[in-house]
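Raw final-v5.txt, compact mmCIF, C-alpha atoms and all ligand atoms:
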```txt
# COMPACT_ATOMS: atom_id res chain seq x y z
CA MET A 458 -118.68 50.01 32.20
CA MET A 459 -115.34 50.83 30.62
CA LYS A 460 -112.47 53.23 31.21
CA ALA A 461 -112.26 56.43 29.18
CA VAL A 462 -110.46 59.77 29.11
CA VAL A 463 -113.20 62.37 29.37
CA LEU A 464 -112.94 66.10 28.67
CA HIS A 465 -115.31 67.85 31.09
CA GLY A 466 -114.36 71.44 30.30
CA ASN A 467 -111.36 73.49 29.34
CA LYS A 468 -108.21 71.57 30.44
CA GLN A 469 -110.41 69.25 32.52
CA LEU A 470 -109.36 65.78 31.42
CA THR A 471 -109.95 62.76 33.62
CA TYR A 472 -109.53 59.00 33.33
CA GLU A 473 -112.73 57.53 34.66
CA ASP A 474 -115.49 54.92 34.43
CA TRP A 475 -117.90 55.54 31.57
CA ALA A 476 -120.82 53.55 30.20
CA LYS A 477 -119.59 51.02 27.65
CA PRO A 478 -121.17 51.93 24.29
CA GLU A 479 -123.58 49.47 22.68
CA ILE A 480 -124.53 48.76 19.11
CA ASN A 481 -127.93 50.36 18.55
CA ASN A 482 -128.52 49.52 14.91
CA GLY A 483 -127.64 46.61 12.68
CA LYS A 484 -125.05 48.51 10.67
CA GLN A 485 -122.62 49.24 13.51
CA VAL A 486 -119.60 47.49 14.95
CA LEU A 487 -118.22 47.51 18.49
CA VAL A 488 -114.48 48.14 18.49
CA GLU A 489 -112.02 47.34 21.25
CA VAL A 490 -109.56 50.23 20.94
CA LYS A 491 -105.87 49.24 20.83
CA VAL A 492 -103.76 52.30 20.03
CA SER A 493 -105.11 55.85 20.12
CA GLY A 494 -103.28 59.03 19.11
CA PHE A 495 -103.31 62.68 20.09
CA CYS A 496 -103.75 65.01 17.10
CA GLY A 497 -102.73 68.67 16.81
CA SER A 498 -106.39 69.42 16.16
CA ASP A 499 -107.13 68.14 19.69
CA LEU A 500 -105.04 70.96 21.21
CA PRO A 501 -107.71 73.68 20.78
CA ARG A 502 -110.38 71.20 21.90
CA VAL A 503 -108.57 70.57 25.16
CA PHE A 504 -106.92 73.93 25.80
CA GLU A 505 -109.04 76.61 24.10
CA GLU A 506 -112.60 75.58 24.90
CA ARG A 507 -113.14 74.48 21.32
CA ALA A 508 -114.83 71.12 22.00
CA HIS A 509 -118.28 70.77 20.43
CA PHE A 510 -119.81 69.73 23.76
CA TYR A 511 -118.90 68.55 27.26
CA PRO A 512 -118.35 66.01 28.57
CA ILE A 513 -116.79 64.42 25.49
CA ILE A 514 -114.40 61.57 24.72
CA LEU A 515 -111.97 62.84 22.06
CA GLY A 516 -109.73 60.72 19.81
CA HIS A 517 -110.06 60.22 16.04
CA GLU A 518 -106.71 58.56 15.21
CA PHE A 519 -107.01 55.03 16.51
CA SER A 520 -106.86 51.37 15.65
CA GLY A 521 -108.66 48.48 17.25
CA LEU A 522 -110.26 45.07 17.00
CA VAL A 523 -113.85 44.37 15.97
CA VAL A 524 -115.45 42.50 18.89
CA GLU A 525 -119.13 42.62 17.89
CA CYS A 526 -121.00 43.20 14.63
CA GLY A 527 -124.57 44.37 14.06
CA THR A 528 -126.88 41.94 12.25
CA GLU A 529 -126.65 43.80 8.92
CA VAL A 530 -122.86 44.22 8.86
CA SER A 531 -121.50 42.48 5.76
CA THR A 532 -117.93 43.70 5.22
CA LEU A 533 -116.43 43.12 8.68
CA SER A 534 -116.24 40.21 11.09
CA VAL A 535 -115.38 39.77 14.74
CA GLY A 536 -111.57 39.61 14.99
CA ASP A 537 -110.88 42.07 12.16
CA LYS A 538 -108.23 44.69 12.78
CA ILE A 539 -109.48 48.16 11.90
CA SER A 540 -108.54 51.81 11.85
CA CYS A 541 -111.15 54.49 12.48
CA ILE A 542 -112.38 56.57 9.52
CA PRO A 543 -113.58 59.53 11.58
CA LEU A 544 -115.69 61.41 9.01
CA ILE A 545 -119.35 60.41 8.94
CA PRO A 546 -120.58 62.28 5.85
CA ASP A 547 -124.10 63.46 5.21
CA MET A 548 -124.56 61.34 2.10
CA HIS A 549 -127.45 63.57 0.88
CA ASP A 550 -125.27 66.67 0.81
CA PRO A 551 -124.57 67.78 -2.79
CA ASN A 552 -120.83 67.76 -2.04
CA SER A 553 -121.00 64.16 -0.86
CA LEU A 554 -122.97 63.21 -3.96
CA MET A 555 -120.02 64.60 -5.95
CA GLY A 556 -117.58 62.52 -3.87
CA ASN A 557 -116.34 65.49 -1.82
CA TYR A 558 -117.41 64.04 1.50
CA ALA A 559 -115.54 66.43 3.80
CA LEU A 560 -116.78 69.58 2.07
CA GLY A 561 -120.39 69.37 3.20
CA LYS A 562 -121.69 71.25 6.22
CA ASN A 563 -123.56 68.58 8.13
CA TYR A 564 -121.03 65.83 8.57
CA SER A 565 -120.38 64.16 11.88
CA PHE A 566 -116.92 63.27 13.13
CA VAL A 567 -115.76 60.61 15.56
CA GLY A 568 -113.85 62.18 18.44
CA SER A 569 -115.12 65.73 17.95
CA ARG A 570 -118.85 65.68 17.18
CA ILE A 571 -119.48 62.25 18.70
CA HIS A 572 -117.43 60.31 21.26
CA GLY A 573 -114.11 58.97 20.03
CA GLY A 574 -111.25 56.63 20.73
CA TRP A 575 -109.67 57.75 23.98
CA ALA A 576 -111.61 54.91 25.53
CA GLU A 577 -111.58 51.13 25.81
CA TYR A 578 -114.51 50.73 23.39
CA VAL A 579 -116.14 52.68 20.57
CA VAL A 580 -119.18 51.95 18.41
CA LEU A 581 -118.63 52.86 14.75
CA PRO A 582 -120.81 52.66 11.67
CA GLU A 583 -119.56 49.79 9.50
CA GLU A 584 -118.36 52.26 6.81
CA ASN A 585 -116.23 54.05 9.40
CA ALA A 586 -114.09 51.06 10.30
CA PHE A 587 -111.30 50.58 7.77
CA HIS A 588 -110.31 46.92 7.56
CA LEU A 589 -106.53 46.89 7.97
CA PRO A 590 -104.27 44.38 6.25
CA VAL A 591 -103.22 41.57 8.59
CA SER A 592 -99.56 42.65 8.48
CA CYS A 593 -100.41 46.17 9.67
CA GLY A 594 -99.77 46.63 13.39
CA TYR A 595 -102.07 48.55 15.72
CA LYS A 596 -99.49 51.28 16.17
CA GLU A 597 -99.23 51.69 12.41
CA GLY A 598 -103.02 51.62 12.22
CA ALA A 599 -103.21 54.65 14.51
CA PHE A 600 -101.22 56.57 11.89
CA LEU A 601 -103.59 55.85 9.02
CA GLU A 602 -105.77 58.96 9.48
CA PRO A 603 -102.91 61.50 9.59
CA LEU A 604 -101.25 59.64 6.71
CA THR A 605 -104.38 60.00 4.59
CA VAL A 606 -104.32 63.77 5.20
CA ALA A 607 -100.90 63.88 3.54
CA LEU A 608 -101.98 61.63 0.68
CA HIS A 609 -105.19 63.58 0.06
CA ALA A 610 -103.28 66.79 -0.64
CA LEU A 611 -101.10 64.99 -3.20
CA ASN A 612 -104.15 63.27 -4.67
CA ILE A 613 -106.24 66.38 -5.30
CA MET A 614 -103.35 68.43 -6.69
CA ASP A 615 -102.57 65.72 -9.24
CA TYR A 616 -99.09 65.39 -7.84
CA GLN A 617 -96.62 63.87 -10.27
CA GLY A 618 -93.15 62.50 -9.69
CA GLY A 619 -90.03 64.00 -11.23
CA LYS A 620 -90.50 67.46 -9.75
CA THR A 621 -88.67 69.57 -7.20
CA VAL A 622 -90.65 69.70 -3.96
CA ALA A 623 -90.53 71.93 -0.88
CA VAL A 624 -92.34 70.94 2.33
CA THR A 625 -92.73 73.52 5.10
CA GLY A 626 -93.26 72.42 8.72
CA MET A 627 -91.86 69.09 9.92
CA GLY A 628 -94.63 68.15 12.33
CA THR A 629 -96.44 64.82 11.95
CA ILE A 630 -98.27 65.87 8.79
CA GLY A 631 -95.15 67.50 7.32
CA LEU A 632 -92.97 64.44 7.87
CA LEU A 633 -95.65 62.15 6.46
CA THR A 634 -96.23 64.45 3.48
CA MET A 635 -92.50 64.53 2.79
CA GLN A 636 -92.29 60.74 2.86
CA CYS A 637 -95.31 60.36 0.57
CA ALA A 638 -93.91 62.90 -1.90
CA ARG A 639 -90.71 60.86 -1.96
CA ILE A 640 -92.48 57.54 -2.42
CA LEU A 641 -94.47 59.07 -5.29
CA GLY A 642 -91.27 59.99 -7.05
CA ALA A 643 -90.11 63.51 -6.14
CA ARG A 644 -86.93 64.57 -7.94
CA LYS A 645 -85.50 66.47 -4.98
CA ILE A 646 -87.14 67.39 -1.67
CA CYS A 647 -86.23 70.37 0.47
CA VAL A 648 -87.80 70.64 3.94
CA PHE A 649 -88.16 73.57 6.32
CA ASP A 650 -88.50 73.83 10.07
CA ILE A 651 -87.10 75.85 12.94
CA ASP A 652 -86.23 72.76 15.01
CA GLU A 653 -82.93 71.10 14.16
CA GLN A 654 -84.08 67.74 15.57
CA ARG A 655 -87.13 67.68 13.30
CA LEU A 656 -84.92 68.53 10.32
CA GLU A 657 -82.59 65.71 11.27
CA ALA A 658 -85.56 63.34 11.38
CA ALA A 659 -86.59 64.52 7.92
CA ARG A 660 -83.06 63.94 6.61
CA ASP A 661 -83.16 60.37 7.96
CA MET A 662 -86.49 59.87 6.16
CA GLY A 663 -85.04 60.87 2.83
CA ALA A 664 -85.21 64.67 2.54
CA ASP A 665 -82.43 65.87 0.21
CA PHE A 666 -82.02 69.34 1.70
CA CYS A 667 -82.97 70.60 5.16
CA VAL A 668 -83.26 74.31 5.79
CA ASN A 669 -83.59 75.88 9.23
CA THR A 670 -85.89 78.87 8.92
CA ALA A 671 -84.05 80.55 11.79
CA ASP A 672 -81.21 81.11 9.30
CA PRO A 673 -81.68 84.66 7.95
CA ASP A 674 -80.65 83.45 4.47
CA HIS A 675 -83.03 80.50 4.42
CA VAL A 676 -84.94 81.59 1.30
CA GLU A 677 -81.81 82.26 -0.79
CA LYS A 678 -80.25 79.05 0.44
CA ALA A 679 -83.30 77.02 -0.53
CA LEU A 680 -83.73 78.66 -3.92
CA GLY A 681 -80.06 77.92 -4.52
CA TYR A 682 -80.88 74.20 -4.45
CA THR A 683 -83.08 74.79 -7.51
CA ASN A 684 -80.49 76.98 -9.27
CA GLY A 685 -82.67 79.97 -8.47
CA LYS A 686 -85.70 78.60 -10.29
CA GLY A 687 -87.84 77.91 -7.24
CA PHE A 688 -89.72 74.72 -6.48
CA GLU A 689 -92.26 73.19 -8.82
CA VAL A 690 -94.35 71.94 -5.90
CA VAL A 691 -94.64 73.55 -2.45
CA LEU A 692 -96.55 71.76 0.32
CA GLU A 693 -97.34 73.94 3.36
CA THR A 694 -98.19 71.90 6.45
CA ALA A 695 -97.46 74.17 9.44
CA GLY A 696 -100.46 76.51 9.19
CA VAL A 697 -98.58 79.50 10.61
CA PRO A 698 -98.17 82.92 8.93
CA PHE A 699 -94.40 82.57 8.58
CA THR A 700 -94.56 79.39 6.50
CA GLU A 701 -97.70 80.47 4.63
CA ILE A 702 -95.69 83.42 3.29
CA LEU A 703 -92.55 81.33 2.84
CA ALA A 704 -94.50 78.94 0.60
CA LEU A 705 -95.26 81.76 -1.87
CA LYS A 706 -91.59 82.76 -1.92
CA LEU A 707 -90.33 79.21 -2.51
CA ALA A 708 -92.54 78.41 -5.50
CA GLY A 709 -91.05 78.72 -8.97
CA ALA A 710 -92.81 80.16 -12.04
CA LYS A 711 -96.07 78.28 -12.70
CA GLY A 712 -95.45 76.38 -9.47
CA SER A 713 -98.14 74.68 -7.41
CA VAL A 714 -98.62 75.72 -3.79
CA MET A 715 -100.77 73.46 -1.65
CA PHE A 716 -101.97 74.63 1.77
CA ILE A 717 -102.49 71.65 4.08
CA GLY A 718 -101.87 73.04 7.58
CA THR A 719 -104.91 74.41 9.40
CA PRO A 720 -104.38 78.14 10.04
CA HIS A 721 -104.83 79.56 13.54
CA LYS A 722 -103.46 83.08 13.30
CA ASN A 723 -104.09 86.25 11.28
CA LEU A 724 -101.94 86.53 8.20
CA LEU A 725 -100.70 89.91 7.00
CA ILE A 726 -99.34 89.74 3.46
CA GLU A 727 -97.46 92.66 1.98
CA PRO A 728 -98.52 93.48 -1.58
CA GLU A 729 -95.12 92.55 -3.01
CA VAL A 730 -95.45 89.08 -1.47
CA PHE A 731 -99.07 88.58 -2.53
CA GLU A 732 -98.06 89.77 -5.98
CA LEU A 733 -95.82 86.71 -6.27
CA ILE A 734 -99.03 84.79 -7.00
CA ASN A 735 -99.54 87.04 -10.03
CA ARG A 736 -95.94 87.41 -11.10
CA LYS A 737 -95.19 83.70 -10.99
CA GLU A 738 -98.68 82.66 -12.12
CA LEU A 739 -98.88 80.28 -9.19
CA HIS A 740 -101.45 77.55 -8.80
CA ILE A 741 -102.76 77.94 -5.27
CA SER A 742 -104.89 75.24 -3.72
CA GLY A 743 -106.00 73.92 -0.37
CA SER A 744 -106.73 70.53 1.09
CA TRP A 745 -109.26 69.59 3.77
CA MET A 746 -109.22 66.22 5.54
CA SER A 747 -108.66 63.06 3.53
CA TYR A 748 -111.64 61.67 1.64
CA SER A 749 -112.36 60.91 -2.01
CA ALA A 750 -114.77 58.72 -3.96
CA PRO A 751 -115.56 55.94 -3.49
CA PHE A 752 -115.67 56.56 0.28
CA PRO A 753 -113.31 56.72 2.10
CA GLY A 754 -111.07 56.87 -0.97
CA TRP A 755 -107.70 56.09 -2.50
CA GLU A 756 -105.93 57.78 0.40
CA TRP A 757 -107.09 55.04 2.77
CA GLU A 758 -106.40 52.11 0.46
CA PHE A 759 -102.95 53.28 -0.51
CA GLY A 760 -102.13 54.55 2.99
CA SER A 761 -102.95 51.20 4.58
CA GLU A 762 -100.71 49.44 2.05
CA LEU A 763 -97.82 51.78 2.81
CA LEU A 764 -98.26 51.01 6.52
CA ALA A 765 -98.62 47.26 6.04
CA ASP A 766 -95.52 47.14 3.83
CA ASN A 767 -93.48 49.22 6.32
CA ARG A 768 -92.63 51.77 3.65
CA LEU A 769 -92.81 54.69 6.07
CA SER A 770 -90.59 55.65 8.94
CA LEU A 771 -92.95 56.20 11.87
CA ASP A 772 -90.86 55.75 15.01
CA PRO A 773 -89.20 59.20 14.77
CA LEU A 774 -92.69 60.73 14.61
CA ILE A 775 -93.62 59.33 18.01
CA ALA A 776 -92.93 61.60 20.98
CA GLY A 777 -93.99 59.02 23.49
CA GLU A 778 -96.13 55.95 24.12
CA PHE A 779 -98.27 55.84 27.25
CA LEU A 780 -101.12 53.92 28.79
CA LEU A 781 -104.56 55.44 28.35
CA SER A 782 -104.67 56.03 32.11
CA GLU A 783 -101.64 58.30 31.71
CA ALA A 784 -103.27 60.36 28.95
CA PRO A 785 -104.70 63.21 31.06
CA SER A 786 -101.42 64.02 32.85
CA THR A 787 -99.35 63.54 29.68
CA ILE A 788 -101.56 65.79 27.55
CA LEU A 789 -101.88 68.48 30.19
CA ASN A 790 -98.10 68.53 30.72
CA ILE A 791 -97.21 68.60 27.03
CA GLY A 792 -99.86 71.20 26.27
CA GLN A 793 -98.14 73.71 28.48
CA ASN A 794 -95.08 73.52 26.20
CA ALA A 795 -95.57 75.57 23.08
CA GLN A 796 -93.41 73.21 21.02
CA LYS A 797 -95.07 70.05 19.92
CA PRO A 798 -92.56 67.24 20.24
CA GLY A 799 -94.39 64.76 17.99
CA LYS A 800 -97.19 62.24 18.14
CA LEU A 801 -98.40 60.95 21.52
CA LEU A 802 -99.78 57.43 21.39
CA PHE A 803 -101.92 55.79 24.06
CA SER A 804 -102.01 52.05 24.42
CA VAL A 805 -105.46 50.66 25.28
CA ASN A 806 -106.40 47.08 26.10
CA GLY A 807 -102.72 46.10 25.87
CA GLY A 808 -102.57 47.10 22.23
CA SER A 809 -99.17 48.59 21.54
CA GLY A 810 -97.90 45.61 19.52
CA LYS A 811 -99.08 43.92 16.34
ZN ZN A 901 -106.11 64.44 13.28
```
Please express what this file holds, its structure, as structure tokens.
Amino acid sequence: MMKAVVLHGNKQLTYEDWAKPEINNGKQVLVEVKVSGFCGSDLPRVFEERAHFYPIILGHEFSGLVVECGTEVSTLSVGDKISCIPLIPDMHDPNSLMGNYALGKNYSFVGSRIHGGWAEYVVLPEENAFHLPVSCGYKEGAFLEPLTVALHALNIMDYQGGKTVAVTGMGTIGLLTMQCARILGARKICVFDIDEQRLEAARDMGADFCVNTADPDHVEKALGYTNGKGFEVVLETAGVPFTEILALKLAGAKGSVMFIGTPHKNLLIEPEVFELINRKELHISGSWMSYSAPFPGWEWEFGSELLADNRLSLDPLIAGEFLLSEAPSTILNIGQNAQKPGKLLFSVNGGSGK
């Protein structure tokens, strides 16, 4: 047996005994989970009856230690530090054959379609355990998946340095996207949020301009930073109607607007706002998950290096660190607050350190 946080139904999370998973084919590894995160995408699963099945163990952002390898495993050994690669693609899907692993219909996903990492142990296919550099801590390892989401958007839009960049929404993905845009050579970065604390965090991480969207003049103010030209690159990470519209207003002529945030609400666009796409000849694109060829992709290789080399500021992204046993009460308490304060991390098997 092991301990796990199990979702039995809407808002029914319990910390309980659960059968310890076992390797059932030669190509799997058994992972002792060390640090496991709570993702924004887990909110609807826990609070809006959006889990694929019950009871389920959620958790797709986690790091751990390989403690057992199947007989055919060749790229990992017992004692390796890993981070979970949650997407299990259907490799026969035409999209996967083209290297677009997350765009197929029949993929599986650790922590949403199969049991995940809010538990002491998880069995993963060998290809779904990313071997972390030795200098990468478990806490950092738990950030690899959200970090790859940020890097994927920049990867598929052929992001280049030397440009003016706007990032809307300073949640976990927004703050990571902003830092990646900076590392990849942005000329100036302007960030947007309604929370002054989040903007302050962004400033500490290297944002050049921080604009509070509660300010009625926020668009004019922001465009002023580009001498009225608008931004060459706009990265939308909040997934709410307000910022989805703001992104179109912030882009300059021929600008690129990338939608990263997952939308949850209806969006009503007035014709004069939609027309901005025409008038400015905008390049509109979207990003989904974080995978590219060869699987899992550049996002994971580069992301793990950024983490191992401590090139990202992660501590301000963390809202709190708890034991796995504290996860149900922590999640249920936080969930009742509309505002998301940042990433919740759960330490498992004593794994909060390196
Ligand atoms: Zn996630």
- What does the distance between atom CA of Lys484 of chain A and atom CA of Val530 of chain A come to in Å, to one decimal place? 5.1 Å
- Item | Nearest to Leu544 of chain A by atom-to-atom distance, counting all atoms listed in the file, from A:Ser786, A:Ser520, A:Ser749, A:Ser809 |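 Closest to Leu544 of chain A, using all atoms listed in the file: A:Ser749.
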- Item | Given 8 Å and only C-alpha atoms and all ligand atoms, residues near ligand ZN 901 (chain A) as a list in words |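 Every residue with an atom at most 8 Å from ligand ZN 901 (chain A) is listed here: Phe495, Cys496, Gly497, Ser498, Asp499, His517, Glu518, Glu602 and Pro603 of chain A.
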- Which distance in Å separates atom CA of Asn557 of chain A and atom CA of Val579 of chain A, to one decimal? 25.8 Å
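With all atoms listed in the file as the atoms that count, the minimum distance from Asp766 of chain A to the choices A:Val624, A:Leu703, A:Cys593, A:Cys541 is reached by A:Cys593.
You can rank A:Ser493, A:Thr700, A:Ser592, A:Thr605 by their closest distance to Asp537 of chain A using only C-alpha atoms, and at the top of that list sits A:Ser592.
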- Radius query 10 Å about (-112.7, 55.2, 37.0), atoms used: only C-alpha atoms, as a list in words: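 With a cut-off of 10 Å, the residues come to Met458, Met459, Lys460, Ala461, Val462, Thr471, Tyr472, Glu473, Asp474, Trp475 and Ser782 of chain A.
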- His572 of chain A proximity check over A:Ser534, A:Gln654, A:Val668, A:Leu464, using only C-alpha atoms: winner is A:Leu464
- Item | Residue with smallest distance to Lys477 of chain A - pool A:Glu577, A:Glu505, A:Glu657, A:Asp772, counting all atoms listed in the file |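 That would be A:Glu577, the residue with the smallest distance to Lys477 of chain A.
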